[in-house]
Amino acid sequence: MLNNWRSIKAAITSICHEVLSHKKHHHTESITMDTLDKIQEKRNEKAAINTSRTRAEKATTQNEYTDGNKQVKWSITTDKRERAGSIDSQSTNYYDENNH
């Protein structure tokens, strides 16, 4: 009976995690895999802040999170600029090919 209950509990728990977990974001072409890795690190640092017990530990993890957050924002901005630049160059090339 106890083993049966454990298997039922495991099944319910896994389904709840699938339904209630973080949203699975489908990244656009403008965001690189490196940026997605940095975003995941940022989430892990945020979880570390929430699980910190002492104020000193919380302060150090908060500083790490802040630095990581700045890197993520910078990386996303860079990715968007590169994507916009590539789209601009593609449209320019297309225009040149079709008009000359």
# chains A, B, ... in the order shown; residues from 1 in each chain; ligands from 1

$ residues_around --residues "Ser30 of chain A" --least-positions-apart "4" --cutoff "9 Å" --atoms "only C-alpha atoms" --output "MDAnalysis selection string"
chainID A and resid 76 79:84

$ write_last_selection --atoms "N, CA and C atoms" --output "compact mmCIF listing (two decimals), in the first residue's frame"
# COMPACT_ATOMS: atom_id res chain seq x y z
N ILE A 76 21.84 40.64 -24.12
CA ILE A 76 20.62 40.70 -24.92
C ILE A 76 20.66 41.90 -25.85
N ASP A 79 23.01 41.17 -28.69
CA ASP A 79 22.41 40.23 -29.63
C ASP A 79 21.39 40.92 -30.53
N LYS A 80 20.57 41.80 -29.94
CA LYS A 80 19.57 42.50 -30.74
C LYS A 80 20.23 43.43 -31.75
N ARG A 81 21.30 44.10 -31.34
CA ARG A 81 22.01 44.98 -32.27
C ARG A 81 22.61 44.20 -33.43
N GLU A 82 23.21 43.05 -33.11
CA GLU A 82 23.80 42.22 -34.16
C GLU A 82 22.72 41.72 -35.12
N ARG A 83 21.58 41.33 -34.57
CA ARG A 83 20.48 40.84 -35.39
C ARG A 83 19.95 41.95 -36.30
N ALA A 84 19.79 43.15 -35.73
CA ALA A 84 19.31 44.28 -36.53
C ALA A 84 20.32 44.62 -37.62

$ residues_around --residues "Asp37 of chain A" --least-positions-apart "2" --cutoff "12 Å" --atoms "only C-alpha atoms" --output "PyMOL selection string"
chain A and resi 27+31-35+39-44+68+71-72+75-76

$ write_last_selection --atoms "N, CA and C atoms" --output "PDB file, in the first residue's frame"
ATOM      1  N   HIS A  27      13.030  30.914 -27.519  1.00  0.00           N
ATOM      2  CA  HIS A  27      13.866  32.069 -27.805  1.00  0.00           C
ATOM      3  C   HIS A  27      13.780  32.444 -29.277  1.00  0.00           C
ATOM      4  N   ILE A  31      18.399  36.010 -29.980  1.00  0.00           N
ATOM      5  CA  ILE A  31      19.053  35.680 -28.716  1.00  0.00           C
ATOM      6  C   ILE A  31      19.906  34.428 -28.913  1.00  0.00           C
ATOM      7  N   THR A  32      21.181  34.533 -28.577  1.00  0.00           N
ATOM      8  CA  THR A  32      22.103  33.419 -28.772  1.00  0.00           C
ATOM      9  C   THR A  32      22.004  32.429 -27.618  1.00  0.00           C
ATOM     10  N   MET A  33      22.576  31.264 -27.818  1.00  0.00           N
ATOM     11  CA  MET A  33      22.569  30.241 -26.773  1.00  0.00           C
ATOM     12  C   MET A  33      23.397  30.685 -25.571  1.00  0.00           C
ATOM     13  N   ASP A  34      24.441  31.463 -25.805  1.00  0.00           N
ATOM     14  CA  ASP A  34      25.255  31.984 -24.711  1.00  0.00           C
ATOM     15  C   ASP A  34      24.409  32.868 -23.799  1.00  0.00           C
ATOM     16  N   THR A  35      23.564  33.694 -24.388  1.00  0.00           N
ATOM     17  CA  THR A  35      22.683  34.558 -23.606  1.00  0.00           C
ATOM     18  C   THR A  35      21.674  33.723 -22.834  1.00  0.00           C
ATOM     19  N   ILE A  39      21.014  33.633 -18.813  1.00  0.00           N
ATOM     20  CA  ILE A  39      19.694  33.795 -18.199  1.00  0.00           C
ATOM     21  C   ILE A  39      19.446  32.672 -17.199  1.00  0.00           C
ATOM     22  N   GLN A  40      19.828  31.456 -17.551  1.00  0.00           N
ATOM     23  CA  GLN A  40      19.660  30.329 -16.632  1.00  0.00           C
ATOM     24  C   GLN A  40      20.519  30.507 -15.387  1.00  0.00           C
ATOM     25  N   GLU A  41      21.750  31.009 -15.557  1.00  0.00           N
ATOM     26  CA  GLU A  41      22.607  31.283 -14.401  1.00  0.00           C
ATOM     27  C   GLU A  41      21.971  32.335 -13.510  1.00  0.00           C
ATOM     28  N   LYS A  42      21.345  33.339 -14.126  1.00  0.00           N
ATOM     29  CA  LYS A  42      20.671  34.394 -13.365  1.00  0.00           C
ATOM     30  C   LYS A  42      19.532  33.804 -12.537  1.00  0.00           C
ATOM     31  N   ARG A  43      18.788  32.891 -13.117  1.00  0.00           N
ATOM     32  CA  ARG A  43      17.698  32.237 -12.376  1.00  0.00           C
ATOM     33  C   ARG A  43      18.245  31.436 -11.194  1.00  0.00           C
ATOM     34  N   ASN A  44      19.371  30.757 -11.415  1.00  0.00           N
ATOM     35  CA  ASN A  44      19.985  29.992 -10.330  1.00  0.00           C
ATOM     36  C   ASN A  44      20.471  30.910  -9.218  1.00  0.00           C
ATOM     37  N   GLY A  68      25.338  39.565 -12.520  1.00  0.00           N
ATOM     38  CA  GLY A  68      24.848  38.653 -13.554  1.00  0.00           C
ATOM     39  C   GLY A  68      23.707  39.259 -14.346  1.00  0.00           C
ATOM     40  N   GLN A  71      25.056  41.649 -16.879  1.00  0.00           N
ATOM     41  CA  GLN A  71      25.651  40.930 -18.002  1.00  0.00           C
ATOM     42  C   GLN A  71      24.572  40.408 -18.950  1.00  0.00           C
ATOM     43  N   VAL A  72      23.472  39.908 -18.383  1.00  0.00           N
ATOM     44  CA  VAL A  72      22.388  39.390 -19.213  1.00  0.00           C
ATOM     45  C   VAL A  72      21.784  40.517 -20.046  1.00  0.00           C
ATOM     46  N   SER A  75      24.168  41.476 -22.773  1.00  0.00           N
ATOM     47  CA  SER A  75      24.252  40.427 -23.785  1.00  0.00           C
ATOM     48  C   SER A  75      23.025  40.445 -24.697  1.00  0.00           C
ATOM     49  N   ILE A  76      21.843  40.640 -24.116  1.00  0.00           N
ATOM     50  CA  ILE A  76      20.620  40.698 -24.919  1.00  0.00           C
ATOM     51  C   ILE A  76      20.656  41.905 -25.848  1.00  0.00           C
TER      52      ILE A  76
END

$ closest_residue --among "A:Trp5, A:Ala11, A:Lys38, A:Lys46" --to "Ala59 of chain A" --atoms "only C-alpha atoms"
A:Lys46

$ select_by_dssp --residues "chain A" --states "alpha helix (DSSP H)" --output "PyMOL selection string"
chain A and resi 2-20+33-51+55-99

$ closest_residue --among "A:Asn93, A:Ala47, A:Leu20, A:Thr77" --to "Tyr65 of chain A" --atoms "only C-alpha atoms"
A:Ala47

$ atom_distance --atom1 "atom CA of Val19 of chain A" --atom2 "atom CA of Lys73 of chain A"
28.2 Å

$ decode --residues "segment 22-85 of chain A" --atoms "C-alpha atoms" --output "PDB file, in the first residue's frame"
ATOM      1  CA  HIS A  22       8.593  28.112 -15.163  1.00  0.00           C
ATOM      2  CA  LYS A  23       7.303  28.857 -18.594  1.00  0.00           C
ATOM      3  CA  LYS A  24       9.333  27.364 -21.356  1.00  0.00           C
ATOM      4  CA  HIS A  25      10.372  30.386 -23.379  1.00  0.00           C
ATOM      5  CA  HIS A  26      10.923  29.858 -27.030  1.00  0.00           C
ATOM      6  CA  HIS A  27      13.866  32.069 -27.805  1.00  0.00           C
ATOM      7  CA  THR A  28      13.903  34.208 -30.873  1.00  0.00           C
ATOM      8  CA  GLU A  29      16.644  34.077 -33.435  1.00  0.00           C
ATOM      9  CA  SER A  30      18.110  37.280 -32.048  1.00  0.00           C
ATOM     10  CA  ILE A  31      19.053  35.680 -28.716  1.00  0.00           C
ATOM     11  CA  THR A  32      22.103  33.419 -28.772  1.00  0.00           C
ATOM     12  CA  MET A  33      22.569  30.241 -26.773  1.00  0.00           C
ATOM     13  CA  ASP A  34      25.255  31.984 -24.711  1.00  0.00           C
ATOM     14  CA  THR A  35      22.683  34.558 -23.606  1.00  0.00           C
ATOM     15  CA  LEU A  36      20.213  31.807 -22.749  1.00  0.00           C
ATOM     16  CA  ASP A  37      22.884  30.170 -20.584  1.00  0.00           C
ATOM     17  CA  LYS A  38      23.436  33.482 -18.800  1.00  0.00           C
ATOM     18  CA  ILE A  39      19.694  33.795 -18.199  1.00  0.00           C
ATOM     19  CA  GLN A  40      19.660  30.329 -16.632  1.00  0.00           C
ATOM     20  CA  GLU A  41      22.607  31.283 -14.401  1.00  0.00           C
ATOM     21  CA  LYS A  42      20.671  34.394 -13.365  1.00  0.00           C
ATOM     22  CA  ARG A  43      17.698  32.237 -12.376  1.00  0.00           C
ATOM     23  CA  ASN A  44      19.985  29.992 -10.330  1.00  0.00           C
ATOM     24  CA  GLU A  45      21.482  33.030  -8.576  1.00  0.00           C
ATOM     25  CA  LYS A  46      17.970  34.295  -7.792  1.00  0.00           C
ATOM     26  CA  ALA A  47      17.144  30.918  -6.257  1.00  0.00           C
ATOM     27  CA  ALA A  48      20.342  31.147  -4.189  1.00  0.00           C
ATOM     28  CA  ILE A  49      19.213  34.526  -2.850  1.00  0.00           C
ATOM     29  CA  ASN A  50      15.876  33.072  -1.825  1.00  0.00           C
ATOM     30  CA  THR A  51      17.486  30.131  -0.031  1.00  0.00           C
ATOM     31  CA  SER A  52      20.126  32.204   1.779  1.00  0.00           C
ATOM     32  CA  ARG A  53      19.810  32.055   5.542  1.00  0.00           C
ATOM     33  CA  THR A  54      21.947  34.880   6.896  1.00  0.00           C
ATOM     34  CA  ARG A  55      21.954  38.544   5.956  1.00  0.00           C
ATOM     35  CA  ALA A  56      25.628  38.442   4.995  1.00  0.00           C
ATOM     36  CA  GLU A  57      25.102  35.461   2.716  1.00  0.00           C
ATOM     37  CA  LYS A  58      22.046  37.125   1.220  1.00  0.00           C
ATOM     38  CA  ALA A  59      24.028  40.322   0.570  1.00  0.00           C
ATOM     39  CA  THR A  60      26.848  38.497  -1.222  1.00  0.00           C
ATOM     40  CA  THR A  61      24.457  36.487  -3.373  1.00  0.00           C
ATOM     41  CA  GLN A  62      22.500  39.669  -4.154  1.00  0.00           C
ATOM     42  CA  ASN A  63      25.693  41.336  -5.416  1.00  0.00           C
ATOM     43  CA  GLU A  64      26.443  38.317  -7.616  1.00  0.00           C
ATOM     44  CA  TYR A  65      22.889  38.399  -8.938  1.00  0.00           C
ATOM     45  CA  THR A  66      23.140  42.115  -9.728  1.00  0.00           C
ATOM     46  CA  ASP A  67      26.355  41.605 -11.692  1.00  0.00           C
ATOM     47  CA  GLY A  68      24.848  38.653 -13.554  1.00  0.00           C
ATOM     48  CA  ASN A  69      21.710  40.635 -14.334  1.00  0.00           C
ATOM     49  CA  LYS A  70      23.782  43.449 -15.850  1.00  0.00           C
ATOM     50  CA  GLN A  71      25.651  40.930 -18.002  1.00  0.00           C
ATOM     51  CA  VAL A  72      22.388  39.390 -19.213  1.00  0.00           C
ATOM     52  CA  LYS A  73      20.941  42.777 -20.149  1.00  0.00           C
ATOM     53  CA  TRP A  74      24.145  43.756 -21.954  1.00  0.00           C
ATOM     54  CA  SER A  75      24.252  40.427 -23.785  1.00  0.00           C
ATOM     55  CA  ILE A  76      20.620  40.698 -24.919  1.00  0.00           C
ATOM     56  CA  THR A  77      21.199  44.246 -26.151  1.00  0.00           C
ATOM     57  CA  THR A  78      24.284  43.150 -28.076  1.00  0.00           C
ATOM     58  CA  ASP A  79      22.409  40.225 -29.627  1.00  0.00           C
ATOM     59  CA  LYS A  80      19.573  42.504 -30.737  1.00  0.00           C
ATOM     60  CA  ARG A  81      22.007  44.982 -32.275  1.00  0.00           C
ATOM     61  CA  GLU A  82      23.801  42.222 -34.163  1.00  0.00           C
ATOM     62  CA  ARG A  83      20.481  40.838 -35.394  1.00  0.00           C
ATOM     63  CA  ALA A  84      19.311  44.280 -36.527  1.00  0.00           C
ATOM     64  CA  GLY A  85      22.621  44.824 -38.301  1.00  0.00           C
TER      65      GLY A  85
END
